[in-house]
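Below is the file my_file.cif, which contains mmCIF, C-alpha atoms and all ligand atoms.
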data_entry
#
loop_
_atom_site.label_atom_id
_atom_site.label_comp_id
_atom_site.auth_asym_id
_atom_site.auth_seq_id
_atom_site.Cartn_x
_atom_site.Cartn_y
_atom_site.Cartn_z
CA MET A 958 -3.63 -20.50 25.92
CA SER A 959 -6.79 -21.40 24.03
CA ASP A 960 -7.22 -21.27 20.26
CA VAL A 961 -9.15 -18.36 18.82
CA LYS A 962 -11.26 -18.64 15.71
CA SER A 963 -11.37 -15.60 13.41
CA ILE A 964 -13.60 -15.06 10.42
CA ALA A 965 -12.41 -12.89 7.53
CA VAL A 966 -14.87 -11.44 5.01
CA ARG A 967 -14.19 -9.64 1.73
CA ALA A 968 -16.79 -6.93 1.27
CA PRO A 969 -17.15 -5.30 -2.17
CA ALA A 970 -17.76 -1.65 -3.08
CA LYS A 971 -20.67 -0.66 -5.33
CA VAL A 972 -21.19 1.62 -8.28
CA ASN A 973 -24.54 3.22 -9.13
CA LEU A 974 -25.40 2.63 -12.79
CA GLN A 975 -28.37 4.92 -12.21
CA LEU A 976 -29.11 7.30 -9.36
CA GLY A 977 -32.41 9.14 -9.78
CA VAL A 978 -33.15 11.63 -6.99
CA GLY A 979 -36.75 12.54 -6.15
CA GLY A 980 -38.08 14.83 -3.44
CA ARG A 981 -37.23 14.97 0.26
CA ARG A 982 -39.54 12.96 2.49
CA ALA A 983 -40.82 13.97 5.91
CA ASP A 984 -38.18 11.68 7.50
CA GLY A 985 -35.37 13.66 5.79
CA TYR A 986 -34.47 10.98 3.23
CA HIS A 987 -34.87 11.49 -0.52
CA GLU A 988 -36.90 9.20 -2.75
CA LEU A 989 -34.34 7.39 -4.92
CA ALA A 990 -34.20 5.11 -7.95
CA SER A 991 -30.86 3.33 -7.66
CA VAL A 992 -29.38 0.64 -9.86
CA PHE A 993 -26.50 -0.87 -7.88
CA LEU A 994 -23.67 -3.14 -9.04
CA THR A 995 -20.98 -4.64 -6.78
CA VAL A 996 -17.43 -4.35 -8.14
CA SER A 997 -14.12 -6.05 -7.34
CA LEU A 998 -12.77 -3.39 -5.01
CA PHE A 999 -12.83 -4.85 -1.50
CA ASP A 1000 -12.41 -4.05 2.17
CA ARG A 1001 -11.41 -7.00 4.33
CA ILE A 1002 -13.10 -7.33 7.70
CA THR A 1003 -11.64 -9.75 10.26
CA LEU A 1004 -13.76 -10.67 13.27
CA THR A 1005 -12.13 -12.24 16.31
CA PRO A 1006 -13.79 -13.06 19.66
CA ALA A 1007 -12.67 -10.58 22.33
CA GLU A 1008 -13.65 -9.40 25.82
CA GLU A 1009 -15.36 -6.26 24.50
CA LEU A 1010 -16.38 -4.83 21.13
CA ARG A 1011 -13.44 -2.92 19.67
CA VAL A 1012 -12.41 -1.67 16.23
CA THR A 1013 -9.05 -1.21 14.55
CA VAL A 1014 -8.55 0.13 11.04
CA GLY A 1015 -5.54 -0.41 8.77
CA GLY A 1016 -4.77 -0.48 5.06
CA VAL A 1017 -4.14 2.14 2.40
CA ARG A 1018 -7.31 4.13 3.07
CA ALA A 1019 -7.50 3.99 6.88
CA ALA A 1020 -7.31 7.80 7.25
CA GLY A 1021 -10.60 9.35 8.36
CA VAL A 1022 -12.24 6.06 9.34
CA PRO A 1023 -13.32 6.08 13.03
CA ALA A 1024 -11.80 3.33 15.20
CA ASP A 1025 -14.51 3.41 17.87
CA GLY A 1026 -18.17 2.57 18.43
CA SER A 1027 -19.26 5.09 15.77
CA ASN A 1028 -17.74 2.88 13.05
CA ILE A 1029 -20.70 1.46 11.15
CA ALA A 1030 -19.16 -2.05 11.29
CA ALA A 1031 -19.18 -1.84 15.10
CA ARG A 1032 -22.81 -0.70 15.00
CA ALA A 1033 -23.59 -3.74 12.82
CA VAL A 1034 -21.97 -6.13 15.33
CA ASP A 1035 -23.88 -4.47 18.15
CA LEU A 1036 -27.21 -4.68 16.31
CA LEU A 1037 -26.80 -8.37 15.43
CA ALA A 1038 -25.70 -9.20 18.99
CA LYS A 1039 -28.73 -7.41 20.46
CA ARG A 1040 -31.12 -9.20 18.09
CA SER A 1041 -29.55 -12.54 18.95
CA GLY A 1042 -29.32 -11.96 22.70
CA LEU A 1043 -25.51 -12.22 22.64
CA HIS A 1044 -22.67 -10.18 24.10
CA PRO A 1045 -20.97 -8.24 21.25
CA GLY A 1046 -17.45 -9.28 22.34
CA VAL A 1047 -15.66 -9.02 19.01
CA HIS A 1048 -12.50 -7.37 17.75
CA VAL A 1049 -13.38 -5.92 14.32
CA HIS A 1050 -10.35 -5.20 12.15
CA ILE A 1051 -10.98 -3.37 8.87
CA ASP A 1052 -8.40 -3.45 6.11
CA LYS A 1053 -9.59 -0.38 4.22
CA CYS A 1054 -9.17 -0.23 0.41
CA ILE A 1055 -12.51 1.28 -0.65
CA PRO A 1056 -12.27 5.10 -0.97
CA VAL A 1057 -13.68 6.92 2.08
CA GLN A 1058 -16.45 9.42 1.26
CA GLY A 1059 -16.07 8.13 -2.28
CA GLY A 1060 -19.71 7.29 -3.01
CA MET A 1061 -18.84 3.58 -3.29
CA ALA A 1062 -20.60 2.61 -0.03
CA GLY A 1063 -17.37 1.65 1.73
CA GLY A 1064 -18.86 2.03 5.20
CA SER A 1065 -21.95 0.08 4.16
CA ALA A 1066 -19.70 -2.68 2.77
CA ASP A 1067 -17.93 -2.94 6.14
CA ALA A 1068 -21.28 -3.11 7.97
CA ALA A 1069 -22.47 -5.81 5.57
CA GLY A 1070 -19.21 -7.75 6.04
CA ALA A 1071 -19.57 -7.50 9.82
CA LEU A 1072 -23.18 -8.82 9.70
CA VAL A 1073 -22.28 -11.75 7.43
CA GLY A 1074 -19.08 -12.47 9.39
CA CYS A 1075 -20.69 -12.42 12.86
CA ASN A 1076 -23.53 -14.59 11.57
CA ALA A 1077 -20.85 -17.18 10.75
CA LEU A 1078 -18.69 -16.55 13.86
CA TRP A 1079 -21.65 -17.02 16.20
CA ASN A 1080 -23.19 -19.86 14.12
CA LEU A 1081 -26.50 -17.99 13.98
CA GLY A 1082 -27.61 -19.48 10.66
CA ILE A 1083 -29.57 -16.34 9.70
CA GLY A 1084 -30.55 -16.43 6.01
CA ARG A 1085 -29.38 -13.75 3.57
CA ALA A 1086 -32.91 -12.29 3.16
CA ASP A 1087 -33.22 -11.74 6.93
CA LEU A 1088 -29.76 -10.16 7.08
CA VAL A 1089 -30.78 -7.82 4.22
CA GLU A 1090 -33.84 -6.77 6.23
CA LEU A 1091 -31.80 -6.16 9.39
CA ALA A 1092 -29.25 -4.19 7.36
CA ALA A 1093 -31.86 -1.49 6.55
CA GLU A 1094 -31.65 -0.39 10.20
CA LEU A 1095 -28.01 0.58 9.69
CA GLY A 1096 -28.24 2.66 6.51
CA SER A 1097 -29.82 2.99 3.06
CA ASP A 1098 -26.99 1.24 1.17
CA VAL A 1099 -26.34 -1.58 3.66
CA PRO A 1100 -29.11 -3.94 2.40
CA PHE A 1101 -27.63 -3.95 -1.11
CA SER A 1102 -24.13 -4.35 0.32
CA VAL A 1103 -25.33 -7.57 2.03
CA LEU A 1104 -27.00 -8.81 -1.16
CA GLY A 1105 -24.34 -8.02 -3.80
CA GLY A 1106 -24.65 -8.60 -7.55
CA ALA A 1107 -26.97 -6.15 -9.30
CA ALA A 1108 -30.26 -4.74 -8.00
CA PHE A 1109 -32.74 -1.91 -8.31
CA GLY A 1110 -33.37 -0.04 -5.08
CA SER A 1111 -36.41 2.16 -4.49
CA GLY A 1112 -37.61 4.09 -1.44
CA ARG A 1113 -34.41 5.46 0.09
CA GLY A 1114 -32.59 2.72 -1.86
CA GLU A 1115 -33.34 -0.12 0.57
CA ARG A 1116 -36.30 -1.82 -1.19
CA LEU A 1117 -34.43 -4.16 -3.53
CA THR A 1118 -35.25 -6.06 -6.71
CA VAL A 1119 -32.51 -8.34 -8.04
CA LEU A 1120 -31.54 -7.57 -11.66
CA PRO A 1121 -30.13 -10.03 -14.21
CA VAL A 1122 -26.70 -9.26 -15.71
CA GLY A 1123 -25.82 -10.61 -19.19
CA ALA A 1124 -22.05 -10.01 -19.15
CA THR A 1125 -19.23 -8.95 -16.87
CA THR A 1126 -18.63 -5.19 -17.01
CA HIS A 1127 -15.16 -3.63 -16.78
CA TRP A 1128 -14.40 -0.42 -14.91
CA VAL A 1129 -11.79 2.09 -13.88
CA PHE A 1130 -12.45 4.00 -10.65
CA ALA A 1131 -10.69 7.35 -10.37
CA THR A 1132 -10.46 8.54 -6.77
CA ALA A 1133 -10.28 12.21 -5.85
CA GLY A 1134 -7.82 13.63 -3.34
CA PHE A 1135 -10.86 14.70 -1.28
CA GLY A 1136 -14.19 13.24 -0.14
CA LEU A 1137 -17.72 14.53 -0.63
CA SER A 1138 -20.15 14.29 2.27
CA THR A 1139 -23.43 12.61 1.22
CA PRO A 1140 -25.62 14.93 3.41
CA ALA A 1141 -23.80 18.00 2.00
CA VAL A 1142 -24.46 16.96 -1.62
CA PHE A 1143 -28.17 16.25 -0.95
CA ALA A 1144 -28.48 19.59 0.89
CA GLU A 1145 -27.06 21.31 -2.19
CA VAL A 1146 -29.61 19.54 -4.45
CA GLU A 1147 -32.38 20.89 -2.27
CA ARG A 1148 -30.93 24.40 -2.02
CA ARG A 1149 -30.81 24.57 -5.83
CA ARG A 1150 -34.38 23.34 -6.21
CA LYS A 1151 -35.63 25.92 -3.70
CA ASP A 1152 -33.58 28.75 -5.28
CA ALA A 1153 -35.03 27.86 -8.69
CA GLY A 1154 -38.56 27.87 -7.23
CA ARG A 1155 -38.94 24.19 -8.12
CA PRO A 1156 -40.78 21.65 -5.94
CA TRP A 1157 -38.49 19.79 -3.53
CA ALA A 1158 -40.79 17.78 -1.25
CA ALA A 1159 -41.43 14.09 -2.04
CA ASP A 1160 -45.21 14.76 -2.06
CA ASP A 1161 -44.78 17.27 -4.90
CA ILE A 1162 -42.37 15.38 -7.17
CA PRO A 1163 -43.12 12.06 -8.89
CA SER A 1164 -40.96 9.23 -7.53
CA PRO A 1165 -37.96 8.61 -9.80
CA ARG A 1166 -38.32 5.54 -12.03
CA VAL A 1167 -35.78 2.90 -12.94
CA SER A 1168 -34.46 3.29 -16.51
CA ARG A 1169 -35.88 0.46 -18.65
CA ARG A 1170 -33.17 1.12 -21.24
CA LEU A 1171 -30.48 0.59 -18.61
CA VAL A 1172 -32.05 -2.56 -17.17
CA ASP A 1173 -32.38 -4.07 -20.67
CA ALA A 1174 -28.77 -3.17 -21.58
CA LEU A 1175 -27.54 -4.77 -18.33
CA ALA A 1176 -29.58 -7.94 -18.86
CA GLY A 1177 -28.55 -8.20 -22.52
CA GLY A 1178 -24.83 -7.71 -21.82
CA ASP A 1179 -24.81 -4.76 -24.24
CA THR A 1180 -21.93 -2.67 -22.87
CA ALA A 1181 -22.27 0.16 -25.43
CA ALA A 1182 -25.98 0.59 -24.64
CA LEU A 1183 -25.21 0.40 -20.93
CA ALA A 1184 -22.60 3.16 -21.29
CA ASP A 1185 -25.21 5.28 -23.02
CA ALA A 1186 -27.75 4.72 -20.23
CA LEU A 1187 -25.54 5.46 -17.17
CA SER A 1188 -26.89 8.42 -15.20
CA ASN A 1189 -26.56 10.08 -11.83
CA ASP A 1190 -28.74 13.08 -10.89
CA LEU A 1191 -26.12 14.14 -8.33
CA GLU A 1192 -23.37 14.49 -10.94
CA PRO A 1193 -24.12 18.11 -12.02
CA VAL A 1194 -24.35 19.15 -8.36
CA ALA A 1195 -21.11 17.40 -7.33
CA THR A 1196 -19.20 18.74 -10.34
CA SER A 1197 -20.31 22.28 -9.57
CA MET A 1198 -19.24 21.84 -5.92
CA ARG A 1199 -15.87 20.42 -7.07
CA PRO A 1200 -15.13 21.42 -10.71
CA GLU A 1201 -12.04 19.16 -10.69
CA LEU A 1202 -14.47 16.25 -11.09
CA ALA A 1203 -15.60 17.55 -14.51
CA ARG A 1204 -11.96 17.53 -15.63
CA THR A 1205 -11.54 13.92 -14.44
CA LEU A 1206 -14.71 12.90 -16.33
CA LYS A 1207 -13.42 14.52 -19.54
CA THR A 1208 -9.95 12.99 -19.20
CA GLY A 1209 -11.27 9.45 -18.72
CA THR A 1210 -13.52 9.56 -21.76
CA GLU A 1211 -10.72 11.11 -23.86
CA ALA A 1212 -8.46 8.27 -22.72
CA GLY A 1213 -10.91 5.73 -24.21
CA ALA A 1214 -13.64 5.04 -21.64
CA LEU A 1215 -17.12 4.36 -23.09
CA ALA A 1216 -18.65 6.62 -20.41
CA GLY A 1217 -17.94 8.09 -16.99
CA VAL A 1218 -20.38 8.49 -14.11
CA LEU A 1219 -20.15 9.91 -10.59
CA CYS A 1220 -20.27 7.13 -7.97
CA GLY A 1221 -23.16 7.81 -5.57
CA SER A 1222 -22.68 11.28 -4.10
CA GLY A 1223 -19.00 11.31 -5.15
CA ALA A 1224 -16.17 11.95 -5.08
CA THR A 1225 -15.03 8.84 -7.05
CA ILE A 1226 -15.72 8.68 -10.79
CA GLY A 1227 -16.46 5.29 -12.39
CA PHE A 1228 -15.49 4.76 -16.05
CA LEU A 1229 -17.12 1.92 -17.97
CA VAL A 1230 -14.67 0.45 -20.48
CA ALA A 1231 -14.87 -2.24 -23.18
CA ASP A 1232 -12.47 -4.78 -21.64
CA ARG A 1233 -9.47 -5.20 -19.31
CA ASN A 1234 -6.98 -3.88 -21.88
CA ALA A 1235 -9.02 -0.71 -22.30
CA ALA A 1236 -9.19 -0.45 -18.50
CA ARG A 1237 -5.40 -0.46 -18.23
CA THR A 1238 -5.08 2.21 -20.96
CA VAL A 1239 -7.71 4.45 -19.35
CA ALA A 1240 -6.17 4.03 -15.88
CA GLN A 1241 -2.74 4.99 -17.24
CA GLY A 1242 -4.19 8.02 -19.06
CA LEU A 1243 -5.96 9.21 -15.93
CA LEU A 1244 -2.88 8.80 -13.74
CA ALA A 1245 -0.61 10.54 -16.27
CA SER A 1246 -3.01 13.49 -16.49
CA GLY A 1247 -2.83 14.20 -12.76
CA THR A 1248 -6.63 14.70 -12.66
CA CYS A 1249 -7.15 11.96 -10.04
CA ALA A 1250 -5.40 10.71 -6.93
CA SER A 1251 -5.50 7.02 -7.92
CA ALA A 1252 -7.08 4.76 -10.54
CA HIS A 1253 -8.33 1.21 -9.85
CA VAL A 1254 -9.24 -1.41 -12.43
CA ALA A 1255 -12.23 -3.56 -11.40
CA ASP A 1256 -14.98 -5.85 -12.74
CA GLY A 1257 -18.60 -6.33 -11.78
CA PRO A 1258 -20.83 -7.84 -10.67
CA VAL A 1259 -19.12 -9.75 -7.87
CA PRO A 1260 -20.94 -11.71 -5.13
CA GLY A 1261 -21.84 -10.03 -1.83
CA PRO A 1262 -19.70 -10.61 1.27
CA GLU A 1263 -18.89 -14.23 2.08
CA PRO A 1264 -16.87 -15.59 5.01
CA GLU A 1265 -13.48 -16.12 3.40
CA GLU A 1266 -11.51 -18.16 5.86
CA THR A 1267 -11.27 -19.33 9.42
CA ILE A 1268 -7.98 -18.73 11.18
CA THR A 1269 -7.05 -20.61 14.29
CA THR A 1270 -4.32 -19.01 16.35
CA GLY A 1271 -2.93 -19.52 19.81
CA GLU A 1272 -3.34 -15.88 20.73
CA SER A 1273 -6.37 -14.14 22.12
CA ALA A 1274 -7.50 -10.91 20.40
P1 LIG B 1 -22.20 6.13 0.27
O1 LIG B 1 -21.66 5.68 -1.03
O2 LIG B 1 -22.96 5.04 1.01
O3 LIG B 1 -22.90 7.45 0.24
P2 LIG B 1 -19.50 6.88 0.98
O4 LIG B 1 -18.77 5.76 0.32
O5 LIG B 1 -19.52 8.18 0.26
O6 LIG B 1 -20.97 6.39 1.29
P3 LIG B 1 -18.22 6.14 3.39
O7 LIG B 1 -16.80 5.96 2.98
O8 LIG B 1 -19.04 4.91 3.52
O9 LIG B 1 -18.92 7.16 2.41
O10 LIG B 1 -18.26 6.89 4.81
C1 LIG B 1 -18.78 8.14 5.09
C2 LIG B 1 -18.37 8.54 6.54
O11 LIG B 1 -18.79 7.55 7.47
C3 LIG B 1 -16.86 8.63 6.73
O12 LIG B 1 -16.41 9.93 6.48
C4 LIG B 1 -16.64 8.19 8.17
O13 LIG B 1 -16.58 9.32 9.03
C5 LIG B 1 -17.87 7.40 8.56
N1 LIG B 1 -17.60 5.93 8.76
C6 LIG B 1 -18.09 5.18 9.75
N2 LIG B 1 -17.71 3.90 9.61
C7 LIG B 1 -16.98 3.82 8.49
C8 LIG B 1 -16.32 2.74 7.82
N3 LIG B 1 -16.34 1.49 8.30
N4 LIG B 1 -15.68 3.03 6.68
C9 LIG B 1 -15.69 4.30 6.18
N5 LIG B 1 -16.26 5.34 6.79
C10 LIG B 1 -16.92 5.12 7.93
#
As structure tokens, the full file:
Amino acid sequence: MSDVKSIAVRAPAKVNLQLGVGGRRADGYHELASVFLTVSLFDRITLTPAEELRVTVGGVRAAGVPADGSNIAARAVDLLAKRSGLHPGVHVHIDKCIPVQGGMAGGSADAAGALVGCNALWNLGIGRADLVELAAELGSDVPFSVLGGAAFGSGRGERLTVLPVGATTHWVFATAGFGLSTPAVFAEVERRRKDAGRPWAADDIPSPRVSRRLVDALAGGDTAALADALSNDLEPVATSMRPELARTLKTGTEAGALAGVLCGSGATIGFLVADRNAARTVAQGLLASGTCASAHVADGPVPGPEPEETITTGESA
């Protein structure tokens, strides 16, 4: 029996500090202005050499995550193998903690973890910038999920500029008992624009711009100013699709959060708080109110995915 080397990677979720939504482009994507921040809510991806590519999913949020080739982590392994001329013989195990359809880029985090992990497993030595570029082929949020930290994303969110962060920010993430599909939320944005007779095509709407106020607050470590500058253009749409989310937002701010903001296209709400003590109080208030399914305390930014450990076992995968 030969030893098997496994690589484990912790891959963080993200929160959008800003999500500006412009018009729909000819390729179906919307022009976005995204300010991303990675937070300490992680999936764990373990990669073990195997005969064929296969996926298993466990952990508290495994429900609804495909355990086949359609899993975005499997697609990431396949893509990297193809580019490197290798056979994608890997068992990908995902320990799922990031909310599914929660707007926190959980799938993108898993894809990023798989790219970084296979790079290490196969000793490819590909630099982070090249992995970021490759990641754009998998999805709009995957490049940032490879990079981590804080960044501004333009285009469909994949053209990244690293942003400086002056102080650690503290958060509570309130999950909903349901998910929101990203395509469904964007379709609703467009339906509303058309119904209101407003322009909806990217050619007819100026591209959304990054908020200077937000970038300055982030760089200066000014949490109060940051709270004031948080914004997500999808929030009014998501809260009208699921009015429960408006109640969660109100409850969190009443419990002491500085501000609440919809994560991506929902359905998780992120609450920015002053410090860890405030985070605990807000999390308890949210849970006691029954307006969310769970509440997680987290900090950000955290680094992007890094190979965490190498396990040597006597068993093949
Ligand atoms: P984003 O914030 O990037 O819009 P999200 O966090 O709202 O995404 P995800 O949890 O990443 O949404 O997944 C959306 C859908 O993708 C799921 O409903 C699931 O069917 C599919 N999927 C494929 N691979 C994964 C994965 N590894 N983890 C979660 N979902 C996955």
List as a PDB file with C-alpha atoms, in the frame of the given file the protein and nucleic acid residues lying within 7 Å of ligand LIG 1 (chain B), with only C-alpha atoms and all ligand atoms counted.
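Result saved to part_33.pdb:
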ATOM      1  CA  GLY A1021     -10.600   9.350   8.360  1.00  0.00           C
ATOM      2  CA  VAL A1022     -12.240   6.060   9.340  1.00  0.00           C
ATOM      3  CA  PRO A1023     -13.320   6.080  13.030  1.00  0.00           C
ATOM      4  CA  SER A1027     -19.260   5.090  15.770  1.00  0.00           C
ATOM      5  CA  ASN A1028     -17.740   2.880  13.050  1.00  0.00           C
ATOM      6  CA  ILE A1029     -20.700   1.460  11.150  1.00  0.00           C
ATOM      7  CA  ALA A1030     -19.160  -2.050  11.290  1.00  0.00           C
ATOM      8  CA  PRO A1056     -12.270   5.100  -0.970  1.00  0.00           C
ATOM      9  CA  VAL A1057     -13.680   6.920   2.080  1.00  0.00           C
ATOM     10  CA  GLN A1058     -16.450   9.420   1.260  1.00  0.00           C
ATOM     11  CA  GLY A1059     -16.070   8.130  -2.280  1.00  0.00           C
ATOM     12  CA  GLY A1060     -19.710   7.290  -3.010  1.00  0.00           C
ATOM     13  CA  MET A1061     -18.840   3.580  -3.290  1.00  0.00           C
ATOM     14  CA  ALA A1062     -20.600   2.610  -0.030  1.00  0.00           C
ATOM     15  CA  GLY A1063     -17.370   1.650   1.730  1.00  0.00           C
ATOM     16  CA  GLY A1064     -18.860   2.030   5.200  1.00  0.00           C
ATOM     17  CA  SER A1065     -21.950   0.080   4.160  1.00  0.00           C
ATOM     18  CA  ASP A1067     -17.930  -2.940   6.140  1.00  0.00           C
ATOM     19  CA  ALA A1068     -21.280  -3.110   7.970  1.00  0.00           C
ATOM     20  CA  ASP A1098     -26.990   1.240   1.170  1.00  0.00           C
ATOM     21  CA  LEU A1137     -17.720  14.530  -0.630  1.00  0.00           C
ATOM     22  CA  SER A1138     -20.150  14.290   2.270  1.00  0.00           C
ATOM     23  CA  THR A1139     -23.430  12.610   1.220  1.00  0.00           C
ATOM     24  CA  GLY A1221     -23.160   7.810  -5.570  1.00  0.00           C
ATOM     25  CA  SER A1222     -22.680  11.280  -4.100  1.00  0.00           C
ATOM     26  CA  GLY A1223     -19.000  11.310  -5.150  1.00  0.00           C
TER      27      GLY A1223
END
Given only C-alpha atoms as the basis, pick out the residue of A:Leu974, A:Leu1202, A:Leu998, A:Leu1191 nearest to Leu1175 in chain A.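 Checking each candidate against Leu1175 in chain A, we get A:Leu974 as the closest.
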For Val978 in chain A: contacts at 7 Å, all atoms listed in the file, fewer than 2 positions along chain excluded, given as an NGL selection string: :A and (976 or 980 or 987-990 or 1165 or 1190)
So what do you get for CA of Arg1237 in chain A versus CA of Thr1205 in chain A, distance-wise?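 Result for CA of Arg1237 in chain A versus CA of Thr1205 in chain A: 16.1 Å, one decimal.
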Which residue of A:Ala1255, A:Ala1236, A:Ile1226, A:Ala1069 approaches Asn1189 in chain A most closely, using all atoms listed in the file: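 Residue with the minimum atom-to-atom distance to Asn1189 in chain A: A:Ile1226.
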Gap from CA of Leu1171 in chain A to CA of Gly1213 in chain A - Å, one decimal: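 Spanning CA of Leu1171 in chain A to CA of Gly1213 in chain A is a straight-line distance of 21.0 Å.
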